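These notes are about the structure you will find just below.
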Amino acid sequence: MHVIHFAAECYPVAKVGGLADVLGALPKYQRQLGINTSVVLPFYDKTFVRTHYLERIYEGRIYQGGERLNYEVLKEKDDLLGFKLFLIRIPGLLDREEVYSYPDEQVQFLAFQHAGLDWLCNAKMLPDIIHCHDHHTGLIPFYMEHADQFDLLKGTPTIATVHNGQYQGWMDWKMAALLPAFDTWRWGLLDWNGLINPLAALIKCCWAYTTVSEGYLSELYQEANGLESLFLAEKDKAYGIVNGIDTELWNASTDSMLAYNFNLVSIAKGKKTNKEKLCSDYGLNPLLPLIVFIGRFALEKGADLLADSIRYSLAQHEGEVTFFILGSGDRSIESKLVELSENYSQHFGVHIGYNEELAHQVYASADYLLMPSRVEPCGLNQLYAMRYGTIPVVRATGGLKDTVKDINIYDGYGMLFDEASVEAVFGAIQQALSFWKATKKRELGTLRKKIMKLDFSWDKSAAKYIELYKKLIE
Ligand code: GLC
């Protein structure tokens, strides 16, 4: 079976968020289960492409609204990622540094999808399944069925995975002129409330759709940024399959990004030594419990709630706790956090930016990971944290609710809170601190070992996707 994944991100080639981690791991684990997997990405001018041997395997051209675009398909020669990686390069359009945020982003993703299918048809590379991730690849199933030039792909099963239903890739109908010629009778499949909506088109046209946790699937029926009724109407082809993590990459005993490697036996020393390193780098007191946040500063992630809840905690529990935040995004959130950290320099450290290596070090150093997300389709950070012995303190939503069991119930191991408010986050921090005070070293060690041992690897979920592929092919 040959499966082709289309996506905008893939770790370590290009990463903005969890989407990249999934694309860097799922295809690899699927390959280990015996299926042939490929990932097709836009070409980005990032370190990866400069440091790997890319072979040009195809050259072609497409017409976008009358403009001729030449493209080339590059393949990473040695399949170093554990699957075949193909990059679509279009000079001037798909050869830039960033993944998102260009004013002509829609034009970029239109060209990516168009050229991607053009190549598959012309090179007669016809897979058994095409797997599309998020709205950036949302028009592919529509094109395959309703644009004659991709006739060869007609009838190939497609599957869509929703990693984030908040972003839908909306476009004005004026943009329709840039699409490959399609059966205009079918325009309704592209439309949602008067706009071209690639995520809506994806859900309408795919053979099956999945969300990255079961909890998130049921939430989408209630709240999906306007697409609730669509998700509900297409419910018969919906599946919730929780993400896993790459346990080869995330392994505290071999992770080269850590200051100190550790395992279940050396966990106490491991956590302590890593924390001392992080704290010394940022001038923090290493003797106090360390609560961290890692991620994008967006409302979705509840990042706007951090500054005030940290401020209250530091005021009320002075000298009892330290915080560390790694992330970037909303400028006003960034400046609020930086300002606060300057006022509490020994108890609050901030690193603005994306830094994979530092993230690993922070997971290994922290005592608690805070995730006050308003929306969290799956969430991988809580899984990375647990893998490195860090207790998750998370809002009970989406995949967080599915993967973290509250410590107050039988067999529980994390902390959950309900509201996305400063009071609730502050309350959760207080709970974490009381737990810290009340818990003996030994008990803490037992809890850490327990979360480190939880199995969140991809094996089970990768197999579930394969089962679904087989079902569609039949
Ligand atoms: C998105 C979601 C996150 C999920 C990730 C991978 O980034 O916000 O919850 O874990 O995709 O599926």
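Ligands are numbered from 1 in the order shown, chains are lettered A, B, ... in the order of the structure tokens, and residues start at 1 in each chain.
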
For this session: Could you give me, as a count of residues only, the residues within 7 Å of segment 48-58 of chain A, counting only C-alpha atoms and dropping anything in the same chain fewer than 2 positions from it?
Result: 10

Problem set entry | Filtered DSSP result for segment 26-144 of chain A, state helix (DSSP H, G or I), as a PyMOL selection string | chain A and resi 26-32+47-51+105-122+135-137+140-144

For this session: Please check which protein, DNA or RNA residues sit within 7 Å of ligand 1, counting only C-alpha atoms and all ligand atoms, and write them as a ChimeraX atom specification.
Result: /A:17-19,21-22,163-164,212,243,376-380,399

For this session: Might you pull out every residue within 9 Å of Ile291 of chain A, with only C-alpha atoms counted and same-chain residues fewer than 5 positions away left off, and present them as JSON, numbers by chain?
Result: {"A": [321, 322, 323, 324, 325, 366, 367, 368, 369, 370, 429, 432]}

Residues just named, written with C-alpha atoms as a PDB file, in the first residue's frame:
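Output file selection_2.pdb is given in full below:
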ATOM      1  CA  VAL A 321       7.696  29.033  43.070  1.00  0.00           C
ATOM      2  CA  THR A 322       9.481  29.780  39.812  1.00  0.00           C
ATOM      3  CA  PHE A 323       8.077  30.013  36.291  1.00  0.00           C
ATOM      4  CA  PHE A 324       9.590  29.656  32.862  1.00  0.00           C
ATOM      5  CA  ILE A 325       7.944  30.392  29.533  1.00  0.00           C
ATOM      6  CA  ALA A 366      10.239  21.317  34.860  1.00  0.00           C
ATOM      7  CA  ASP A 367       8.151  20.025  37.719  1.00  0.00           C
ATOM      8  CA  TYR A 368       4.848  21.064  36.155  1.00  0.00           C
ATOM      9  CA  LEU A 369       3.724  21.943  32.635  1.00  0.00           C
ATOM     10  CA  LEU A 370       0.825  24.370  32.400  1.00  0.00           C
ATOM     11  CA  ILE A 429      -1.142  26.801  40.172  1.00  0.00           C
ATOM     12  CA  ALA A 432       0.112  22.347  42.179  1.00  0.00           C
TER      13      ALA A 432
END

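Distance check against His133 of chain A using only C-alpha atoms: of A:Phe6, A:Trp187, A:Trp192, A:Trp436, the minimum falls on A:Phe6.
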
Exercise. Near Tyr469 of chain A, counting only C-alpha atoms, which residues have an atom at most 10 Å away, once you skip same-chain residues fewer than 2 positions from it, shown as an MDAnalysis selection string?
Worked result: chainID A and resid 1 3 128:131 157:159 208 463:467 471:474

For this session: Name the residues of segment 53-200 of chain A that fall into strand (DSSP E or B) according to DSSP on the backbone, using the chain letters and numbers of this document, as number ranges by chain.
Result: A: 54-64, 67-76, 84-90, 94, 129-133, 158-162, 171, 191-192, 195-196

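For the set A:Ser313, A:Thr254, A:Gln222, A:Thr210, the residue with the smallest atom-to-atom gap to Asp236 of chain A is A:Thr210, counting only C-alpha atoms.
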
Using only C-alpha atoms, which residues sit within 12 Å of Lys437 of chain A once same-chain residues fewer than 4 positions away are excluded, as a compact mmCIF listing (two decimals) with C-alpha atoms, in the first residue's frame?
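See selection-v7.txt below for the written result:
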# COMPACT_ATOMS: atom_id res chain seq x y z
CA LEU A 288 11.76 25.90 44.10
CA PRO A 289 9.10 24.05 42.13
CA GLU A 320 7.81 29.53 46.83
CA VAL A 321 7.70 29.03 43.07
CA GLN A 430 -2.11 26.92 43.84
CA GLN A 431 -3.23 23.31 43.69
CA ALA A 432 0.11 22.35 42.18
CA LEU A 433 1.97 24.19 44.93
CA LYS A 441 10.03 12.99 47.82
CA GLU A 443 5.71 9.81 46.41
CA LEU A 444 6.79 12.43 43.92

Exercise. Quick one: distance from atom CA of Phe182 of chain A to atom CA of Gln149 of chain A in Å, one decimal?
Worked result: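 Atom-to-atom, atom CA of Phe182 of chain A and atom CA of Gln149 of chain A are spaced 8.6 Å apart.
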
Problem set entry | Distance of atom CA of Met171 of chain A from atom CA of Phe150 of chain A, expressed in Å to one decimal place |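 Between atom CA of Phe150 of chain A and atom CA of Met171 of chain A the gap is 22.4 Å.
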
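The smallest atom-to-atom distance between Val292 of chain A and any of A:Thr439, A:Ser365, A:Ser421, A:Asn193, using only C-alpha atoms, is found for A:Ser365.
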